[in-house]
>>> print(open('protein_11.cif').read())   # mmCIF, C-alpha atoms and all ligand atoms
data_structure
#
loop_
_atom_site.label_atom_id
_atom_site.label_comp_id
_atom_site.auth_asym_id
_atom_site.auth_seq_id
_atom_site.Cartn_x
_atom_site.Cartn_y
_atom_site.Cartn_z
CA MET A 1 85.58 71.65 246.73
CA MET A 2 85.07 75.39 247.02
CA VAL A 3 81.43 76.43 246.83
CA GLU A 4 79.51 79.61 246.13
CA SER A 5 77.62 81.33 248.92
CA GLY A 6 74.61 79.57 250.39
CA ALA A 7 74.17 75.88 251.14
CA PRO A 8 76.47 73.77 248.97
CA GLU A 9 75.62 70.54 247.25
CA GLU A 10 78.44 68.52 248.76
CA PRO A 11 78.17 67.60 252.45
CA GLY A 12 81.16 68.66 254.51
CA SER A 13 82.08 71.47 252.11
CA ILE A 14 83.84 74.59 253.25
CA SER A 15 82.99 77.96 251.69
CA VAL A 16 84.39 81.47 251.89
CA VAL A 17 81.87 84.05 253.08
CA ARG A 18 81.05 86.42 250.22
CA THR A 19 77.53 87.60 251.05
CA LEU A 20 75.72 89.19 253.97
CA ASP A 21 73.63 86.03 254.35
CA ASP A 22 76.75 83.93 254.72
CA PHE A 23 78.22 86.38 257.22
CA LEU A 24 74.98 86.13 259.21
CA ARG A 25 75.43 82.36 259.23
CA THR A 26 78.85 82.74 260.89
CA ALA A 27 77.51 85.36 263.30
CA ALA A 28 74.68 83.02 264.31
CA ILE A 29 77.12 80.18 265.01
CA ARG A 30 79.36 82.46 267.07
CA ALA A 31 76.41 83.88 269.00
CA ILE A 32 75.33 80.34 269.94
CA VAL A 33 78.78 78.92 270.66
CA TYR A 34 80.54 81.86 272.30
CA MET A 35 77.88 84.28 273.57
CA ASP A 36 75.53 81.58 274.82
CA GLY A 37 77.93 78.64 275.29
CA GLN A 38 80.82 80.57 276.84
CA ASP A 39 79.08 83.65 278.28
CA CYS A 40 81.07 85.93 276.02
CA PRO A 41 79.72 89.52 275.86
CA PHE A 42 78.60 90.71 272.40
CA ASP A 43 81.27 93.45 272.18
CA GLU A 44 84.05 90.97 272.87
CA GLU A 45 82.81 88.38 270.38
CA PHE A 46 82.08 90.92 267.61
CA ASP A 47 85.24 92.86 268.24
CA GLY A 48 85.43 95.25 265.29
CA ASN A 49 87.55 92.90 263.20
CA ASP A 50 84.84 91.08 261.31
CA PHE A 51 85.18 93.17 258.17
CA CYS A 52 88.98 92.87 258.18
CA GLY A 53 89.45 89.23 257.33
CA ILE A 54 88.16 86.12 255.63
CA HIS A 55 85.41 84.02 257.16
CA LEU A 56 84.87 80.35 256.38
CA ILE A 57 81.74 78.26 256.83
CA GLY A 58 81.77 74.49 257.31
CA TRP A 59 78.57 72.90 256.05
CA ILE A 60 76.81 69.75 257.12
CA GLY A 61 73.97 69.13 254.73
CA ARG A 62 72.28 72.49 254.26
CA GLU A 63 73.20 73.68 257.74
CA PRO A 64 76.14 75.95 258.57
CA ALA A 65 77.81 73.80 261.23
CA ALA A 66 81.15 75.53 261.81
CA CYS A 67 82.90 78.81 261.19
CA LEU A 68 86.37 80.31 261.42
CA ARG A 69 87.91 83.72 260.81
CA ILE A 70 91.34 84.51 259.36
CA ARG A 71 93.10 87.88 259.58
CA PHE A 72 96.29 88.70 257.74
CA PHE A 73 99.35 90.53 259.04
CA ALA A 74 102.68 91.16 257.30
CA ASP A 75 104.43 87.97 258.41
CA PHE A 76 101.64 85.71 259.53
CA ALA A 77 97.94 84.95 259.33
CA LYS A 78 95.87 84.61 262.48
CA VAL A 79 93.33 81.80 262.72
CA GLU A 80 90.55 82.68 265.14
CA ARG A 81 86.88 82.39 266.13
CA LEU A 82 86.74 78.67 265.36
CA ALA A 83 83.35 77.40 266.46
CA VAL A 84 81.35 74.23 265.83
CA ARG A 85 77.67 74.08 266.79
CA GLU A 86 77.20 71.58 269.59
CA GLU A 87 74.98 69.24 267.56
CA PHE A 88 77.73 68.95 264.92
CA ARG A 89 80.67 68.31 267.24
CA ARG A 90 82.76 65.18 266.71
CA SER A 91 81.76 65.20 263.04
CA ALA A 92 85.28 66.07 261.83
CA ILE A 93 84.01 69.42 260.50
CA ALA A 94 86.37 71.17 262.97
CA PHE A 95 89.33 69.43 261.37
CA ARG A 96 88.11 70.07 257.83
CA ILE A 97 87.59 73.79 258.35
CA VAL A 98 90.97 74.27 260.07
CA ARG A 99 92.80 72.33 257.35
CA HIS A 100 90.98 74.36 254.70
CA ALA A 101 92.00 77.59 256.44
CA LEU A 102 95.64 76.48 256.59
CA ARG A 103 95.66 75.60 252.87
CA LEU A 104 94.14 78.98 252.03
CA ILE A 105 96.72 80.79 254.16
CA ALA A 106 99.59 78.88 252.53
CA ARG A 107 98.13 79.55 249.08
CA LYS A 108 98.23 83.26 249.86
CA GLY A 109 101.94 82.82 250.38
CA TYR A 110 102.10 82.91 254.16
CA ALA A 111 104.67 80.74 255.93
CA LYS A 112 103.20 81.10 259.43
CA ALA A 113 99.77 80.61 260.96
CA TYR A 114 99.31 82.01 264.45
CA GLY A 115 96.50 81.51 266.95
CA HIS A 116 95.32 81.71 270.55
CA ALA A 117 94.40 78.25 271.81
CA GLN A 118 91.86 78.18 274.59
CA GLU A 119 93.26 76.45 277.68
CA GLY A 120 92.85 72.70 277.21
CA LEU A 121 92.64 72.94 273.42
CA GLU A 122 96.42 73.04 272.83
CA PRO A 123 96.36 69.31 271.86
CA PHE A 124 93.59 70.01 269.32
CA TRP A 125 95.73 72.69 267.65
CA ALA A 126 98.87 70.55 267.96
CA ARG A 127 97.21 67.99 265.67
CA PHE A 128 97.71 70.43 262.80
CA GLY A 129 101.36 70.99 263.71
CA SER A 130 100.96 74.09 265.91
CA ARG A 131 103.30 74.52 268.84
CA PRO A 132 103.10 76.87 271.85
CA ILE A 133 105.45 79.83 271.35
CA SER A 134 108.21 79.27 273.86
CA GLY A 135 108.84 81.97 276.43
CA ARG A 136 105.37 83.48 276.02
CA PRO A 137 103.18 83.16 279.11
CA SER A 138 99.51 82.26 278.76
CA PHE A 139 97.11 85.21 278.95
CA SER A 140 93.38 85.85 279.44
CA PHE A 141 90.44 87.42 277.70
CA SER A 142 86.66 86.91 277.77
CA GLY A 143 86.94 84.75 280.86
CA HIS A 144 89.36 82.15 279.42
CA ARG A 145 93.09 81.56 279.42
CA TYR A 146 94.89 81.24 276.10
CA THR A 147 98.20 79.96 274.79
CA GLU A 148 99.85 81.60 271.78
CA MET A 149 100.57 78.95 269.17
CA LEU A 150 102.45 79.03 265.88
CA LEU A 151 102.46 76.76 262.87
CA ASP A 152 105.09 76.73 260.11
CA LEU A 153 103.41 76.15 256.78
CA PRO A 154 105.25 74.36 253.96
CA PRO A 155 105.70 76.59 250.90
CA ARG A 156 103.35 75.93 248.00
CA GLU A 157 104.38 76.07 244.36
CA ASP A 158 101.01 77.56 243.48
CA ALA A 159 101.18 80.31 246.12
CA ILE A 160 99.77 83.60 244.86
CA ASP A 161 102.85 85.80 244.54
CA LEU A 162 104.04 88.63 242.31
CA GLN A 163 104.77 86.15 239.52
CA ALA A 164 101.13 85.07 239.47
CA ASP A 165 98.87 85.76 236.54
CA PRO A 166 97.27 89.20 237.20
CA LEU A 167 93.82 87.82 236.50
CA VAL A 168 94.41 85.01 239.00
CA ILE A 169 95.26 87.69 241.58
CA ASN A 170 91.93 89.35 240.75
CA ARG A 171 89.87 86.22 241.42
CA PRO A 172 87.69 85.89 244.53
CA GLU A 173 89.69 85.00 247.64
CA GLY A 174 90.12 81.26 247.97
CA ASP A 175 88.72 80.57 244.51
CA TRP A 176 91.89 80.94 242.49
CA ASP A 177 91.59 77.84 240.30
CA ARG A 178 88.80 78.87 237.99
CA PRO A 179 88.18 81.99 235.94
CA GLY A 180 86.74 84.90 237.83
CA VAL A 181 84.10 87.31 236.64
CA LEU A 182 86.74 89.60 235.07
CA GLU A 183 87.79 86.82 232.70
CA ARG A 184 84.35 86.05 231.43
CA GLY A 185 83.04 87.12 228.04
CA LYS A 186 82.74 90.86 227.42
CA ALA A 187 84.33 91.91 230.70
CA ALA A 188 87.55 90.23 229.63
CA ALA A 189 87.39 91.32 226.00
CA ALA A 190 86.96 94.95 227.07
CA GLY A 191 90.05 94.73 229.32
CA SER A 192 92.92 97.18 229.50
CA GLY A 193 94.51 95.99 226.29
CA ARG A 194 97.75 95.02 228.03
CA ASP A 195 99.81 92.24 226.57
CA ARG A 196 98.11 89.07 227.70
CA THR A 197 100.65 86.59 226.39
CA GLY A 198 102.19 86.19 229.85
CA TRP A 199 99.06 84.71 231.33
CA THR A 200 97.76 82.65 228.47
CA GLU A 201 98.76 79.32 229.91
CA ALA A 202 97.42 79.97 233.39
CA THR A 203 94.15 81.26 232.02
CA ALA A 204 93.83 78.32 229.65
CA GLU A 205 94.54 75.91 232.49
CA ALA A 206 91.90 77.58 234.63
CA TRP A 207 89.38 77.30 231.81
CA ARG A 208 90.21 73.62 231.39
CA ARG A 209 89.53 73.00 235.06
CA PHE A 210 86.45 75.22 235.04
CA ALA A 211 84.94 73.40 232.10
CA GLY A 212 85.80 70.07 233.71
CA ASP A 213 83.96 71.03 236.87
CA GLU A 214 80.93 72.75 235.50
CA GLY A 215 80.63 71.95 231.83
CA PHE A 216 81.31 74.18 228.87
CA ASP A 217 79.45 77.48 228.83
CA GLU A 218 79.75 79.25 225.52
CA GLU A 219 78.65 82.61 226.94
CA TYR A 220 81.63 82.69 229.26
CA CYS A 221 84.14 81.29 226.82
CA PRO A 222 87.02 83.71 226.20
CA TRP A 223 87.61 82.64 222.61
CA GLU A 224 87.37 86.23 221.47
CA LEU A 225 90.48 87.11 223.47
CA ASP A 226 93.80 87.60 221.80
CA MET A 227 95.47 84.48 223.15
CA PRO A 228 98.04 82.65 221.03
CA GLY A 229 96.90 79.10 220.38
CA LEU A 230 93.52 79.98 221.70
CA ASN A 231 92.25 82.45 219.12
CA ASP A 232 90.38 79.86 217.16
CA ARG A 233 86.99 78.91 218.48
CA SER A 234 87.22 75.28 217.42
CA GLN A 235 90.53 74.93 219.26
CA LEU A 236 88.99 76.36 222.38
CA MET A 237 85.93 74.17 222.08
CA LEU A 238 88.28 71.19 221.90
CA MET A 239 90.29 72.42 224.86
CA CYS A 240 87.17 73.00 226.98
C1 LIG A 301 86.95 73.36 269.78
C2 LIG A 301 85.94 72.83 268.80
C3 LIG A 301 85.94 73.71 267.55
C4 LIG A 301 86.32 71.41 268.41
O1 LIG A 301 85.35 70.88 267.57
P1 LIG A 301 84.75 69.43 267.87
O2 LIG A 301 83.79 69.06 266.84
O3 LIG A 301 84.31 69.47 269.30
O4 LIG A 301 86.03 68.56 267.66
P2 LIG A 301 86.19 67.09 268.17
O5 LIG A 301 85.05 66.59 268.93
O6 LIG A 301 86.57 66.32 266.98
O7 LIG A 301 87.29 67.32 269.25
C5 LIG A 301 88.61 67.46 268.92
C6 LIG A 301 89.41 67.17 270.16
O8 LIG A 301 89.43 68.34 270.99
C7 LIG A 301 88.94 68.01 272.27
N1 LIG A 301 88.18 69.12 272.80
C8 LIG A 301 87.11 69.73 272.26
N2 LIG A 301 86.74 70.75 273.06
C9 LIG A 301 87.60 70.77 274.11
C10 LIG A 301 87.77 71.60 275.27
N3 LIG A 301 86.95 72.66 275.52
N4 LIG A 301 88.78 71.34 276.13
C11 LIG A 301 89.61 70.29 275.90
N5 LIG A 301 89.52 69.48 274.81
C12 LIG A 301 88.53 69.72 273.96
C13 LIG A 301 88.07 66.78 272.06
O9 LIG A 301 87.93 66.03 273.26
C14 LIG A 301 88.84 66.04 271.01
O10 LIG A 301 89.93 65.36 271.54
P3 LIG A 301 89.95 63.77 271.49
O11 LIG A 301 89.68 63.39 270.08
O12 LIG A 301 91.33 63.46 271.95
O13 LIG A 301 88.89 63.37 272.44
C15 LIG A 301 84.50 72.81 269.41
O14 LIG A 301 84.51 71.98 270.55
C16 LIG A 301 83.98 74.18 269.76
O15 LIG A 301 83.38 74.86 268.93
N6 LIG A 301 84.19 74.64 271.00
C17 LIG A 301 83.71 75.92 271.47
C18 LIG A 301 84.45 77.08 270.85
C19 LIG A 301 85.95 77.00 271.11
O16 LIG A 301 86.36 76.76 272.22
N7 LIG A 301 86.74 77.26 270.03
C20 LIG A 301 88.17 77.14 270.07
C21 LIG A 301 88.85 78.34 270.58
S1 LIG A 301 90.60 78.13 270.54
#
>>> encode(input="protein_11.cif", output="structure tokens", more="lines below")
Ligand SMILES: CC(C)(COP(=O)(O)OP(=O)(O)OC[C@H]1O[C@@H](n2cnc3c(N)ncnc32)[C@H](O)[C@@H]1OP(=O)(O)O)[C@@H](O)C(=O)NCCC(=O)NCCS
Amino acid sequence: MMVESGAPEEPGSISVVRTLDDFLRTAAIRAIVYMDGQDCPFDEEFDGNDFCGIHLIGWIGREPAACLRIRFFADFAKVERLAVREEFRRSAIAFRIVRHALRLIARKGYAKAYGHAQEGLEPFWARFGSRPISGRPSFSFSGHRYTEMLLDLPPREDAIDLQADPLVINRPEGDWDRPGVLERGKAAAAGSGRDRTGWTEATAEAWRRFAGDEGFDEEYCPWELDMPGLNDRSQLMLMC
């Protein structure tokens, strides 16, 4: 389950970093694991790319146990900065956060995930289906040797592409299955006035799931929107 920022209720959850506090949680993990654990200098660990991608946190109880960064290029997404705090190793959080990252990358429509596997960790990355890129020699940075690895991701029917509902595209990264803030109450009603009939079904489906997860909240209900089949409050109440 995707969670909001801060410690989630479900153990083992993975969340997308959306706040400074959550970013600090990932920075703390990386400082411990890489700067302290692997003698990596600050400038090499915090390399200028931290505001250019998505960061994930893996939670164990209320503690941020693992983190991972994803950056996006035209043809591939790069998975990097995977780190698990030593006290949480062998808890399966490493596998959960990597799988979550791969699902997110595929959902964004990418067919390839690329990464640099630290020497010795090739078998770890191979467990997800990654393979060393043939003909590419290993290389070094920050005192370690690395192998370039590539993973082909199966296409997803629900990938966010140009056919997607525009309001789904607007939703927070990684949280595409429930209405975003722009679909709630007055913000949605005061929208651009464009024809919304094309996204009625997707929006209705998202509201169904949202209500299922978190209960019906009248304040956020879009019953005032001009949506065929959904312009009657009692119908919407039933649907939710
Ligand atoms: C790599 C890492 C994320 C794996 O998380 P973890 O909780 O240790 O995962 P697990 O204990 O479930 O280990 C997964 C497998 O990788 C192996 N492994 C872990 N670290 C390894 C290392 N440095 N070298 C070789 N194998 C390693 C484990 O032995 C295990 O294999 P096994 O099940 O066959 O014994 C974690 O060890 C870590 O944060 N390491 C420091 C940062 C790092 O090197 N990140 C990866 C950069 S590519």
>>> residues_near_point(input="protein_11.cif", point="(100.1, 89.9, 260.3)", cutoff="12 Å", atoms="all atoms listed in the file", output="mmCIF file with C-alpha atoms, keeping the file's coordinate frame")
data_model
loop_
_atom_site.group_PDB
_atom_site.id
_atom_site.type_symbol
_atom_site.label_atom_id
_atom_site.label_comp_id
_atom_site.auth_asym_id
_atom_site.auth_seq_id
_atom_site.Cartn_x
_atom_site.Cartn_y
_atom_site.Cartn_z
ATOM 1 C CA CYS A 52 88.980 92.870 258.180
ATOM 2 C CA GLY A 53 89.450 89.230 257.330
ATOM 3 C CA ILE A 70 91.340 84.510 259.360
ATOM 4 C CA ARG A 71 93.100 87.880 259.580
ATOM 5 C CA PHE A 72 96.290 88.700 257.740
ATOM 6 C CA PHE A 73 99.350 90.530 259.040
ATOM 7 C CA ALA A 74 102.680 91.160 257.300
ATOM 8 C CA ASP A 75 104.430 87.970 258.410
ATOM 9 C CA PHE A 76 101.640 85.710 259.530
ATOM 10 C CA ALA A 77 97.940 84.950 259.330
ATOM 11 C CA LYS A 78 95.870 84.610 262.480
ATOM 12 C CA VAL A 79 93.330 81.800 262.720
ATOM 13 C CA ILE A 105 96.720 80.790 254.160
ATOM 14 C CA TYR A 110 102.100 82.910 254.160
ATOM 15 C CA ALA A 111 104.670 80.740 255.930
ATOM 16 C CA LYS A 112 103.200 81.100 259.430
ATOM 17 C CA ALA A 113 99.770 80.610 260.960
ATOM 18 C CA TYR A 114 99.310 82.010 264.450
ATOM 19 C CA GLY A 115 96.500 81.510 266.950
#
>>> residues_near_ligand(input="protein_11.cif", ligand="ligand LIG 301 (chain A)", cutoff="6 Å", atoms="all atoms listed in the file", output="list in words")
Val33, Leu82, Ala83, Val84, Arg89, Arg90, Ser91, Ala92, Ala94, His116, Ala117, Gln118, Gly120, Leu121 and Phe124 of chain A
>>> closest_residue(input="protein_11.cif", among="A:Arg69, A:Arg171, A:Arg99, A:Arg107", to="Asn49 in chain A", atoms="only C-alpha atoms")
A:Arg69
>>> closest_residue(input="protein_11.cif", among="A:Pro132, A:Ser142, A:Phe88, A:Trp125", to="Pro41 in chain A", atoms="all atoms listed in the file")
A:Ser142
>>> atom_distance(input="protein_11.cif", atom1="CA of Leu68 in chain A", atom2="CA of Phe95 in chain A")
11.3 Å
>>> residues_around(input="protein_11.cif", residues="Phe42 in chain A", least_positions_apart="4", cutoff="8 Å", atoms="only C-alpha atoms", output="ChimeraX atom specification")
/A:31,35,46
>>> atom_distance(input="protein_11.cif", atom1="CA of Leu182 in chain A", atom2="CA of Leu167 in chain A")
7.4 Å
>>> closest_residue(input="protein_11.cif", among="A:Phe141, A:His100, A:Gln38, A:Glu119", to="Gly174 in chain A", atoms="all atoms listed in the file")
A:His100
>>> atom_distance(input="protein_11.cif", atom1="CA of Leu104 in chain A", atom2="CA of Phe23 in chain A")
18.3 Å
>>> closest_residue(input="protein_11.cif", among="A:Leu151, A:Ala101, A:Ile54, A:Cys40", to="Pro172 in chain A", atoms="all atoms listed in the file")
A:Ile54
>>> closest_residue(input="protein_11.cif", among="A:Ile169, A:Ala28, A:Ile14, A:Ile160", to="Val98 in chain A", atoms="only C-alpha atoms")
A:Ile14
